[in-house]
Amino acid sequence: MKLDLINGIANNTKFVQDFIKELQDYLERKEDISLINSTHKENKIITEFRDKMYIERSKILNDYAKQTIDKGQMYYIYDKNSKLEYVYNLCICEDEKSHTIIEANRNILPNDAKMGSILRKLKDSYTLDNEATKDISEKIEKMKDELLEKQTEFLNSKRIEDHIYEVSENGKDRIWLFDITSNSDEALEEIDFPKELLQNAKVGDLFIYKNGEYKQY
Amino acid sequence: MRKKRNNKKISTKQLIITLLIFAIIVLIEHFAEDINKKQDNTQENINTSTKVTYSSLLDVPEYTNEICVEINDNKPYFIEADYTTEAFEKYSELDYLGRCGVAYANVCIEIMPPKGDERGDISSVYPTGWKQTKFNGEYLYNRCHLIAHSLSDEDDNKQNLITGTRYFNVQGMLPYERLVYEYIQNNKNNHVLYRVTPIYKGDNLLASGVEMEAYSVEDNGKGICFNVYIYNVQPGANIDYATGKLLK
């Protein structure tokens with residue numbers, strides 16, 4: 001009964017209606033995280049594979065743009081602007097042009113445009129290409145899944161039983177290690193490191209990989 | 001007759017005074033020239049390593065053995081409309097490959113860190129191409145500020161950090177950063193327009209180098225004026241600029 005009363009008030013008050021619509025829009029647009037960030041499906045991504053994802057995403061976009069050139073110049077919303085509210089960062093999906101950053105206010109973009117959207121420009125206005133957005137989104141998702149698998153294989157290949165690792169840098173949620181047993185010059189960005197050891201690990205500390213985990217050496 | 005004698009005396013006295021004044025002027029000018037020469041020598045020490053000059057970035061060749069070359073006869077591309085005594089700092093958005101763009105500031109005491117302030121932790125930032133590797137027993141890469149912390153008080157701003165070799169950071173950028181820093185310390189009310197542009201080839205994630213431009217506003221570039229390109233290299237290291245990987 002009380003709810004009916006509240007609903008009644010809400011439905012009849014323009015201010016409340018506007019507020020609800022605004023809130024709904026906000027929630028649907030809510031994208032706090034850039035598409036390429038340090039996690040994918042709750043798995044941490046190491047820098048090397050994050051960089052690979054950047055490059056592969058670029059290839060997916062530019063290839064798709066070439067194949068659908070008849071639909072008009074293709075734009076991709078890749079991030080929110082870091083300084084300006086309600087502004088997105090767009091790139092042009094075309095070789096030699098894609099490094100230009102276009103800062104576009106939400107007001108000039110289609111209502112449903114958000115991070116990951118594909119837009120086409122006709123004359124001076126942007127339109128949302130829903131089909132391309134869906135296709136690209138699926139391709140990027142598949143690419144990230146594949147790279148994440150490769151990342152797992154890569155990291156597993158670097159965790160060698162009985163090898164000793166020296167801390168190069170402690171990144172709070174990850175740690176950089178040199179495999180001194182194999183005298184490797186390339187640091188390993190380890191994301192699966194015991195939390196209790198990570199808290200106190202300092203540059204120069206040694207750890208041994210034993211029975212599938214790192215232990216103080 | 002007496003008058004003549006008096007005139008002779010006066011004129012000799014006058015002559016002596018004139019000569020003394022002249023000698024003082026000459027001495028003052030001599031010392032002033034000495035001071036200017038010392039300042040020029042500092043600039044010259046940097047310039048002697050950048051004798052090669054190119055009309056634009058497009059003409060800059062691959063690295064041979066000079067870490068730094070001059071662009072546009074060492075003149076920055078600022079125009080009169082840019083000259084201002086208003087402090088500012090501008091950092092470009094990262095592009096869609098996550099790379100930094102131009103960093104541009106009007107360096108002055110206002111934006112610099114207070115004396116004794118130490119740079120904060122920047123280890124949480126992983127610029128594109130970051131691949132920590134040892135080369136000749138030392139780390140190959142630094143996280144390099146486009147606008148140095150000493151000039152901007154910026155710490156872990158990911159729009160101001162690129163992957164750069166230790167050589168690039170210390171031998172390349174640092175001398176020019178120091179010039180600007182010292183100029184401001186000696187001219188605390190002055191401003192230096194300062195712009196650093198990372199240069200990437202194609203989709204490379206590691207910058208090939210940076211263009212550094214600077215111009216002191218109040219004295220129309222007499223104090224600070226340079227336009228140089230610093231190569232992002234480590235002598236002897238074969239780097240894959242597409243990824244930042246050290247090739248063997």
# chains A, B, ... in the order shown; residues from 1 in each chain; ligands from 1

$ interface_residues --of "chain A" --to "chain B" --cutoff "10 Å" --atoms "only C-alpha atoms" --output "VMD selection string"
chain A and resid 36 46 to 48 50 to 58 76 to 83 89 to 92 95 to 96 98 to 103 168 to 174 176 to 178 184 to 189

$ write_last_selection --atoms "C-alpha atoms" --output "compact mmCIF listing (two decimals), in the first residue's frame"
# COMPACT_ATOMS: atom_id res chain seq x y z
CA ILE A 36 42.02 -2.24 -21.60
CA ILE A 46 50.54 -8.35 -17.04
CA THR A 47 51.99 -5.35 -18.88
CA GLU A 48 53.32 -7.38 -21.79
CA ARG A 50 48.10 -5.58 -21.87
CA ASP A 51 50.28 -4.12 -24.62
CA LYS A 52 49.45 -7.07 -26.89
CA MET A 53 45.75 -6.39 -26.29
CA TYR A 54 46.21 -2.77 -27.32
CA ILE A 55 47.80 -3.84 -30.60
CA GLU A 56 45.30 -6.59 -31.34
CA ARG A 57 42.38 -4.29 -30.62
CA SER A 58 43.85 -1.79 -33.06
CA TYR A 76 35.56 4.00 -31.69
CA ILE A 77 34.95 5.28 -28.17
CA TYR A 78 37.96 3.91 -26.33
CA ASP A 79 37.93 5.82 -23.07
CA LYS A 80 36.39 8.51 -20.91
CA ASN A 81 38.21 11.80 -20.85
CA SER A 82 40.31 12.09 -17.73
CA LYS A 83 39.79 15.82 -17.24
CA ASN A 89 37.84 9.98 -26.18
CA LEU A 90 37.38 8.66 -29.70
CA CYS A 91 39.78 7.38 -32.30
CA ILE A 92 39.36 7.22 -36.06
CA ASP A 95 45.58 3.54 -40.69
CA GLU A 96 47.70 6.67 -40.19
CA SER A 98 44.00 6.38 -35.59
CA HIS A 99 46.44 8.13 -33.27
CA THR A 100 44.46 11.32 -33.31
CA ILE A 101 42.41 11.73 -30.15
CA ILE A 102 38.95 13.19 -30.63
CA GLU A 103 37.37 14.54 -27.45
CA SER A 168 63.38 -6.25 -8.72
CA GLU A 169 60.30 -4.20 -7.93
CA ASN A 170 57.24 -4.53 -5.71
CA GLY A 171 54.16 -3.17 -7.49
CA LYS A 172 51.72 -3.66 -4.58
CA ASP A 173 49.45 -6.04 -6.52
CA ARG A 174 52.25 -7.70 -8.47
CA TRP A 176 58.84 -8.19 -10.63
CA LEU A 177 61.33 -11.00 -10.27
CA PHE A 178 64.59 -12.01 -11.89
CA SER A 184 67.69 -14.40 -16.86
CA ASP A 185 68.02 -10.73 -17.80
CA GLU A 186 64.30 -10.32 -18.33
CA ALA A 187 62.18 -9.60 -15.27
CA LEU A 188 59.09 -11.70 -14.73
CA GLU A 189 55.95 -9.77 -13.81

$ residues_around --residues "Asp145 in chain A" --least-positions-apart "6" --cutoff "12 Å" --atoms "only C-alpha atoms" --output "NGL selection string"
:A and (39-43 or 45 or 49 or 53 or 138-139 or 151-152)

$ residues_around --residues "Ile162 in chain B" --least-positions-apart "6" --cutoff "7 Å" --atoms "only C-alpha atoms" --output "PyMOL selection string"
chain B and resi 100+127+143-145

$ residues_around --residues "range 116-124 of chain A" --least-positions-apart "4" --cutoff "9 Å" --atoms "only C-alpha atoms" --output "number ranges by chain"
A: 35, 71-79, 109-110, 112, 128-134, 136-137

$ atom_distance --atom1 "CA of Ile60 in chain A" --atom2 "CA of Glu146 in chain A"
13.9 Å

$ residues_around --residues "Asn65 in chain B" --least-positions-apart "2" --cutoff "12 Å" --atoms "only C-alpha atoms" --output "JSON, numbers by chain"
{"B": [49, 50, 52, 61, 62, 63, 67, 68, 69, 230, 231, 232, 233, 234, 235, 236]}

$ atom_distance --atom1 "CA of Tyr229 in chain B" --atom2 "CA of Ile184 in chain B"
22.3 Å

$ atom_distance --atom1 "CA of Pro76 in chain B" --atom2 "CA of Glu213 in chain B"
5.1 Å

$ closest_residue --among "B:Leu247, B:Ile147, B:Val26, B:Leu58" --to "Arg178 in chain B" --atoms "only C-alpha atoms"
B:Ile147

$ select_by_dssp --residues "range 49-224 of chain B" --states "alpha helix (DSSP H)" --output "PyMOL selection string"
chain B and resi 149-152+166-167+174-186

$ write_last_selection --atoms "N, CA and C atoms" --output "PDB file, in the first residue's frame"
ATOM      1  N   HIS B 149      59.886  15.842 -12.619  1.00  0.00           N
ATOM      2  CA  HIS B 149      59.282  16.134 -11.318  1.00  0.00           C
ATOM      3  C   HIS B 149      59.821  17.445 -10.759  1.00  0.00           C
ATOM      4  N   SER B 150      61.114  17.692 -10.969  1.00  0.00           N
ATOM      5  CA  SER B 150      61.747  18.904 -10.421  1.00  0.00           C
ATOM      6  C   SER B 150      61.176  20.181 -11.038  1.00  0.00           C
ATOM      7  N   LEU B 151      60.517  20.042 -12.193  1.00  0.00           N
ATOM      8  CA  LEU B 151      59.950  21.227 -12.859  1.00  0.00           C
ATOM      9  C   LEU B 151      58.440  21.331 -12.694  1.00  0.00           C
ATOM     10  N   SER B 152      57.791  20.221 -12.339  1.00  0.00           N
ATOM     11  CA  SER B 152      56.327  20.206 -12.372  1.00  0.00           C
ATOM     12  C   SER B 152      55.674  19.661 -11.111  1.00  0.00           C
ATOM     13  N   ARG B 166      67.748   4.194 -19.537  1.00  0.00           N
ATOM     14  CA  ARG B 166      68.484   4.931 -18.508  1.00  0.00           C
ATOM     15  C   ARG B 166      69.364   6.003 -19.168  1.00  0.00           C
ATOM     16  N   TYR B 167      69.964   5.657 -20.255  1.00  0.00           N
ATOM     17  CA  TYR B 167      70.858   6.564 -20.997  1.00  0.00           C
ATOM     18  C   TYR B 167      70.087   7.766 -21.513  1.00  0.00           C
ATOM     19  N   LEU B 174      68.108  14.809 -18.883  1.00  0.00           N
ATOM     20  CA  LEU B 174      68.463  15.475 -17.623  1.00  0.00           C
ATOM     21  C   LEU B 174      69.249  16.769 -17.780  1.00  0.00           C
ATOM     22  N   PRO B 175      70.260  16.849 -18.641  1.00  0.00           N
ATOM     23  CA  PRO B 175      70.994  18.124 -18.780  1.00  0.00           C
ATOM     24  C   PRO B 175      70.072  19.296 -19.153  1.00  0.00           C
ATOM     25  N   TYR B 176      69.101  19.048 -20.009  1.00  0.00           N
ATOM     26  CA  TYR B 176      68.203  20.135 -20.414  1.00  0.00           C
ATOM     27  C   TYR B 176      67.235  20.492 -19.287  1.00  0.00           C
ATOM     28  N   GLU B 177      66.800  19.482 -18.554  1.00  0.00           N
ATOM     29  CA  GLU B 177      65.927  19.743 -17.406  1.00  0.00           C
ATOM     30  C   GLU B 177      66.670  20.606 -16.384  1.00  0.00           C
ATOM     31  N   ARG B 178      67.944  20.288 -16.218  1.00  0.00           N
ATOM     32  CA  ARG B 178      68.758  21.034 -15.241  1.00  0.00           C
ATOM     33  C   ARG B 178      68.912  22.494 -15.648  1.00  0.00           C
ATOM     34  N   LEU B 179      69.092  22.716 -16.940  1.00  0.00           N
ATOM     35  CA  LEU B 179      69.229  24.100 -17.445  1.00  0.00           C
ATOM     36  C   LEU B 179      68.005  24.919 -17.033  1.00  0.00           C
ATOM     37  N   VAL B 180      66.848  24.342 -17.268  1.00  0.00           N
ATOM     38  CA  VAL B 180      65.604  25.059 -16.975  1.00  0.00           C
ATOM     39  C   VAL B 180      65.466  25.251 -15.464  1.00  0.00           C
ATOM     40  N   TYR B 181      65.772  24.201 -14.732  1.00  0.00           N
ATOM     41  CA  TYR B 181      65.671  24.257 -13.261  1.00  0.00           C
ATOM     42  C   TYR B 181      66.552  25.356 -12.698  1.00  0.00           C
ATOM     43  N   GLU B 182      67.809  25.397 -13.155  1.00  0.00           N
ATOM     44  CA  GLU B 182      68.758  26.392 -12.631  1.00  0.00           C
ATOM     45  C   GLU B 182      68.378  27.801 -13.049  1.00  0.00           C
ATOM     46  N   TYR B 183      67.880  27.925 -14.249  1.00  0.00           N
ATOM     47  CA  TYR B 183      67.451  29.253 -14.706  1.00  0.00           C
ATOM     48  C   TYR B 183      66.348  29.788 -13.790  1.00  0.00           C
ATOM     49  N   ILE B 184      65.374  28.956 -13.487  1.00  0.00           N
ATOM     50  CA  ILE B 184      64.268  29.402 -12.629  1.00  0.00           C
ATOM     51  C   ILE B 184      64.765  29.677 -11.208  1.00  0.00           C
ATOM     52  N   GLN B 185      65.696  28.856 -10.722  1.00  0.00           N
ATOM     53  CA  GLN B 185      66.234  29.092  -9.374  1.00  0.00           C
ATOM     54  C   GLN B 185      66.968  30.431  -9.307  1.00  0.00           C
ATOM     55  N   ASN B 186      67.600  30.816 -10.419  1.00  0.00           N
ATOM     56  CA  ASN B 186      68.325  32.090 -10.459  1.00  0.00           C
ATOM     57  C   ASN B 186      67.448  33.270 -10.876  1.00  0.00           C
TER      58      ASN B 186
END

$ select_by_dssp --residues "range 21-228 of chain B" --states "strand (DSSP E)" --output "count of residues only"
49

$ residues_around --residues "Asn220 in chain B" --least-positions-apart "5" --cutoff "9 Å" --atoms "only C-alpha atoms" --output "PyMOL selection string"
chain B and resi 83+215+225
